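Data block below; observations after.
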Amino acid sequence: MSAAAVTANSSAVTAEVESISSSSVVDNNDIEEALKSSSYNENSNQGESDNEEEEEECTRSRGEICICNSCENERLKQMNLKKARKRARKRKLDNSVTSVEGKDVVVESKESVHKKRQREGATSTYRGLDGQYCQTITKEGEESVKLSKMTKACRTILECIGEDPDREGLLRTPHRWAKALLFMTQGYALSPSSVLNDAVFAEDDHKEMVVVKDIDIHSMCEHHMVPFTGRVHVGYIPNGKIIGLSKIARIAEVYARRLQVQERLSRQIVDAIVEAVEPLGVGVVVECSHFCMVMRGVQKVGAKTVTSCVRGCFESDPKTRAEFFNIINGNGR
């Protein structure tokens, strides 16, 4: 076959494949049929004019690279088939429908999924082709996947420390450990706004300090993943709005139930209260015993760490700050 004939046939097949790919539903069998019925089909090549020069002998059977017309046609056919399939996948995404685990789901934009996740709480999402987001999976399904992965990881850890994960006392330990760790880090699935539940009230008359002290907290050191436990003291001066007292404890719990350092924990509680009620001032003091200093390392059982963070008039006015510290230390009213 002449070079001009090969070029003409290539253009014809490409046009025919593109016409099929442009339809709303594309099937690979349709693409195959188009290619088989095209002018690249070997049977159609045999009906060409007697004026065409005789085809070259195929050398592929001898293990050599062949560039005869028949082999060249087959290569071009496979290239066009690959391109058509790629266009078909892209067109399905453009129609905003894809399939996950055998079910059709609607593809959503990344922005709409992000807003929905903020309203409903953080959950995982399936990713469609080209990294697009599909509808969110259920929290129950997500937790099941997490538990499975964590259980397998715990078995590996038990083996690495020289234990037998299949002995009677440890058979259920990996599963129990996974559930316990998810509970101790549940703060990642929560936010201050979700636990506040609109418990912010207008109160213009009260301009004095409000203190909630001795709030028990249990957190985990992010450096060694061992616990630190203690108490939180929170005080603020309202500026037209007050917050439900139990919500102060819940805000502390949201941030404590994460892998933490005590310094950051103090700051996050302060910032959450500032955002919630915009007070004249706010102060937080955290006192904790860190098991990374008790069970390992220096092993100092009686050591405690105290951190504080203040904003507004608690920071600018020494008398206000002193009043707050006197109250939480038992020397105030």
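Chain labels A, B, ... are given in the sequence in which chains occur in the structure tokens; within each chain residues are numbered consecutively from 1, and ligands are likewise numbered from 1 in the order shown.
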
Next on the checklist: If we count only C-alpha atoms and set the cut-off at 10 Å, which residues sit around A:Asp216, ignoring sequence neighbours fewer than 2 positions away in its own chain? Please answer as a list in words.
Outcome noted: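 Answer for this query is Lys213, Asp214, His218, Thr229, Gly230, Arg231, Val232, His233, Ala249, Ala252, Glu253, Val286, Glu287 and Cys288 of chain A.
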
Checklist entry - Using only C-alpha atoms, which residues sit within 7 Å of A:Phe228 once same-chain residues fewer than 6 positions away are excluded, as a list in words? => result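 Surrounding residues, per the criterion: His218, Ser219, Met220, Cys221, Cys288, Ser289, His290 and Phe291 of chain A.
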
Item to check | Straight-line distance linking atom CA of A:Ile251 with atom CA of A:Pro192, stated in Å to one decimal | outcome: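 Atom-to-atom, atom CA of A:Ile251 and atom CA of A:Pro192 are spaced 5.6 Å apart.
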
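Excluding A:Arg176 itself and same-chain residues fewer than 5 positions from it, the residues having an atom within 10 Å of it are Leu147, Thr151, Cys154, Leu170, Leu171 and Leu181 of chain A, counting only C-alpha atoms.
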
Item to check | Residue set, stretch 140-228 of chain A restricted to strand (DSSP E), as a ChimeraX atom specification | outcome: /A:200-203,210-221,227-228

Please, could you write that set of residues out with N, CA and C atoms as a PDB file, in the first residue's frame?
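Result went into part_13.pdb, see below:
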```pdb
ATOM      1  N   VAL A 200     -24.859  30.084  72.629  1.00  0.00           N
ATOM      2  CA  VAL A 200     -24.301  31.426  72.862  1.00  0.00           C
ATOM      3  C   VAL A 200     -25.476  32.377  73.026  1.00  0.00           C
ATOM      4  N   PHE A 201     -25.483  33.136  74.136  1.00  0.00           N
ATOM      5  CA  PHE A 201     -26.646  33.941  74.488  1.00  0.00           C
ATOM      6  C   PHE A 201     -26.257  35.400  74.692  1.00  0.00           C
ATOM      7  N   ALA A 202     -27.182  36.289  74.348  1.00  0.00           N
ATOM      8  CA  ALA A 202     -26.966  37.719  74.550  1.00  0.00           C
ATOM      9  C   ALA A 202     -27.096  38.049  76.038  1.00  0.00           C
ATOM     10  N   GLU A 203     -26.129  38.802  76.554  1.00  0.00           N
ATOM     11  CA  GLU A 203     -26.150  39.217  77.966  1.00  0.00           C
ATOM     12  C   GLU A 203     -25.317  40.489  78.098  1.00  0.00           C
ATOM     13  N   VAL A 210     -15.961  35.394  84.346  1.00  0.00           N
ATOM     14  CA  VAL A 210     -16.592  34.076  84.472  1.00  0.00           C
ATOM     15  C   VAL A 210     -15.469  33.043  84.403  1.00  0.00           C
ATOM     16  N   VAL A 211     -15.393  32.169  85.424  1.00  0.00           N
ATOM     17  CA  VAL A 211     -14.311  31.183  85.491  1.00  0.00           C
ATOM     18  C   VAL A 211     -14.905  29.786  85.660  1.00  0.00           C
ATOM     19  N   VAL A 212     -14.444  28.860  84.833  1.00  0.00           N
ATOM     20  CA  VAL A 212     -14.750  27.428  85.004  1.00  0.00           C
ATOM     21  C   VAL A 212     -13.402  26.744  85.204  1.00  0.00           C
ATOM     22  N   LYS A 213     -13.198  26.172  86.381  1.00  0.00           N
ATOM     23  CA  LYS A 213     -11.886  25.586  86.658  1.00  0.00           C
ATOM     24  C   LYS A 213     -11.999  24.095  86.961  1.00  0.00           C
ATOM     25  N   ASP A 214     -10.832  23.461  87.000  1.00  0.00           N
ATOM     26  CA  ASP A 214     -10.718  22.028  87.296  1.00  0.00           C
ATOM     27  C   ASP A 214     -11.490  21.152  86.304  1.00  0.00           C
ATOM     28  N   ILE A 215     -11.382  21.486  85.023  1.00  0.00           N
ATOM     29  CA  ILE A 215     -11.966  20.638  83.968  1.00  0.00           C
ATOM     30  C   ILE A 215     -10.973  19.516  83.670  1.00  0.00           C
ATOM     31  N   ASP A 216     -11.360  18.273  83.934  1.00  0.00           N
ATOM     32  CA  ASP A 216     -10.472  17.138  83.658  1.00  0.00           C
ATOM     33  C   ASP A 216     -10.276  16.957  82.149  1.00  0.00           C
ATOM     34  N   ILE A 217      -9.038  16.712  81.754  1.00  0.00           N
ATOM     35  CA  ILE A 217      -8.754  16.410  80.341  1.00  0.00           C
ATOM     36  C   ILE A 217      -7.811  15.216  80.257  1.00  0.00           C
ATOM     37  N   HIS A 218      -7.944  14.481  79.173  1.00  0.00           N
ATOM     38  CA  HIS A 218      -7.069  13.348  78.883  1.00  0.00           C
ATOM     39  C   HIS A 218      -6.675  13.458  77.417  1.00  0.00           C
ATOM     40  N   SER A 219      -5.390  13.581  77.179  1.00  0.00           N
ATOM     41  CA  SER A 219      -4.921  13.748  75.806  1.00  0.00           C
ATOM     42  C   SER A 219      -3.753  12.803  75.563  1.00  0.00           C
ATOM     43  N   MET A 220      -3.185  12.890  74.347  1.00  0.00           N
ATOM     44  CA  MET A 220      -2.051  12.026  73.996  1.00  0.00           C
ATOM     45  C   MET A 220      -0.928  12.869  73.412  1.00  0.00           C
ATOM     46  N   CYS A 221       0.266  12.655  73.945  1.00  0.00           N
ATOM     47  CA  CYS A 221       1.454  13.365  73.451  1.00  0.00           C
ATOM     48  C   CYS A 221       1.720  12.950  72.009  1.00  0.00           C
ATOM     49  N   PRO A 227      -0.233   8.933  77.014  1.00  0.00           N
ATOM     50  CA  PRO A 227      -1.171   9.931  77.536  1.00  0.00           C
ATOM     51  C   PRO A 227      -0.494  11.048  78.336  1.00  0.00           C
ATOM     52  N   PHE A 228      -1.179  12.182  78.379  1.00  0.00           N
ATOM     53  CA  PHE A 228      -0.948  13.172  79.441  1.00  0.00           C
ATOM     54  C   PHE A 228      -2.325  13.605  79.939  1.00  0.00           C
TER      55      PHE A 228
END
```

Next on the checklist: With DSSP run on the backbone, what are the helix (DSSP H, G or I) residues within stretch 172-321 of chain A? I'd like them as a PyMOL selection string.
Outcome noted: chain A and resi 173-184+186-189+192-196+245-256+262-277+291-294+313-316+318-321

Next on the checklist: From the options A:Lys241, A:Lys179, A:Arg250, A:His224, which residue's atoms come nearest to A:Ala276, counting only C-alpha atoms?
Outcome noted: A:Lys241

Checklist entry - With only C-alpha atoms as the atoms that count, which of A:Gly281, A:Gly240, A:Val234, A:Lys90 lies nearest to A:Phe325? => result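 Comparing A:Gly281, A:Gly240, A:Val234, A:Lys90 against A:Phe325, the winner is A:Val234.
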
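The space between atom CA of A:His206 and atom CA of A:Cys309 spans 23.0 Å.
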
Checklist entry - If you count only C-alpha atoms, which residues fall within 10 Å of A:Leu259, apart from same-chain ones fewer than 2 positions away, as an MDAnalysis selection string? => result chainID A and resid 184:185 187:188 219:227 255:257 261:262 265

Checklist entry - Pick from A:Ser266, A:Ser144, A:Gln78, A:Asn69: nearest to A:Leu182, with only C-alpha atoms counted? => result A:Ser144

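Interatomic distance, atom CA of A:Val284 against atom CA of A:Arg321: 10.6 Å.
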
Item to check | Residues within 10 Å of A:Phe183, only C-alpha atoms, excluding chain neighbours under 5 positions, as number ranges by chain | outcome: A: 177-178, 257-258

Got time to write the residues from that selection, C-alpha atoms, as a PDB file, in the first residue's frame?
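Once everything was written out, this is selection_12.pdb:
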```pdb
ATOM      1  CA  TRP A 177      -6.816  -1.220  70.842  1.00  0.00           C
ATOM      2  CA  ALA A 178      -8.065   0.154  67.504  1.00  0.00           C
ATOM      3  CA  ARG A 257      -8.970  14.286  72.097  1.00  0.00           C
ATOM      4  CA  ARG A 258      -6.222  14.653  69.492  1.00  0.00           C
TER       5      ARG A 258
END
```
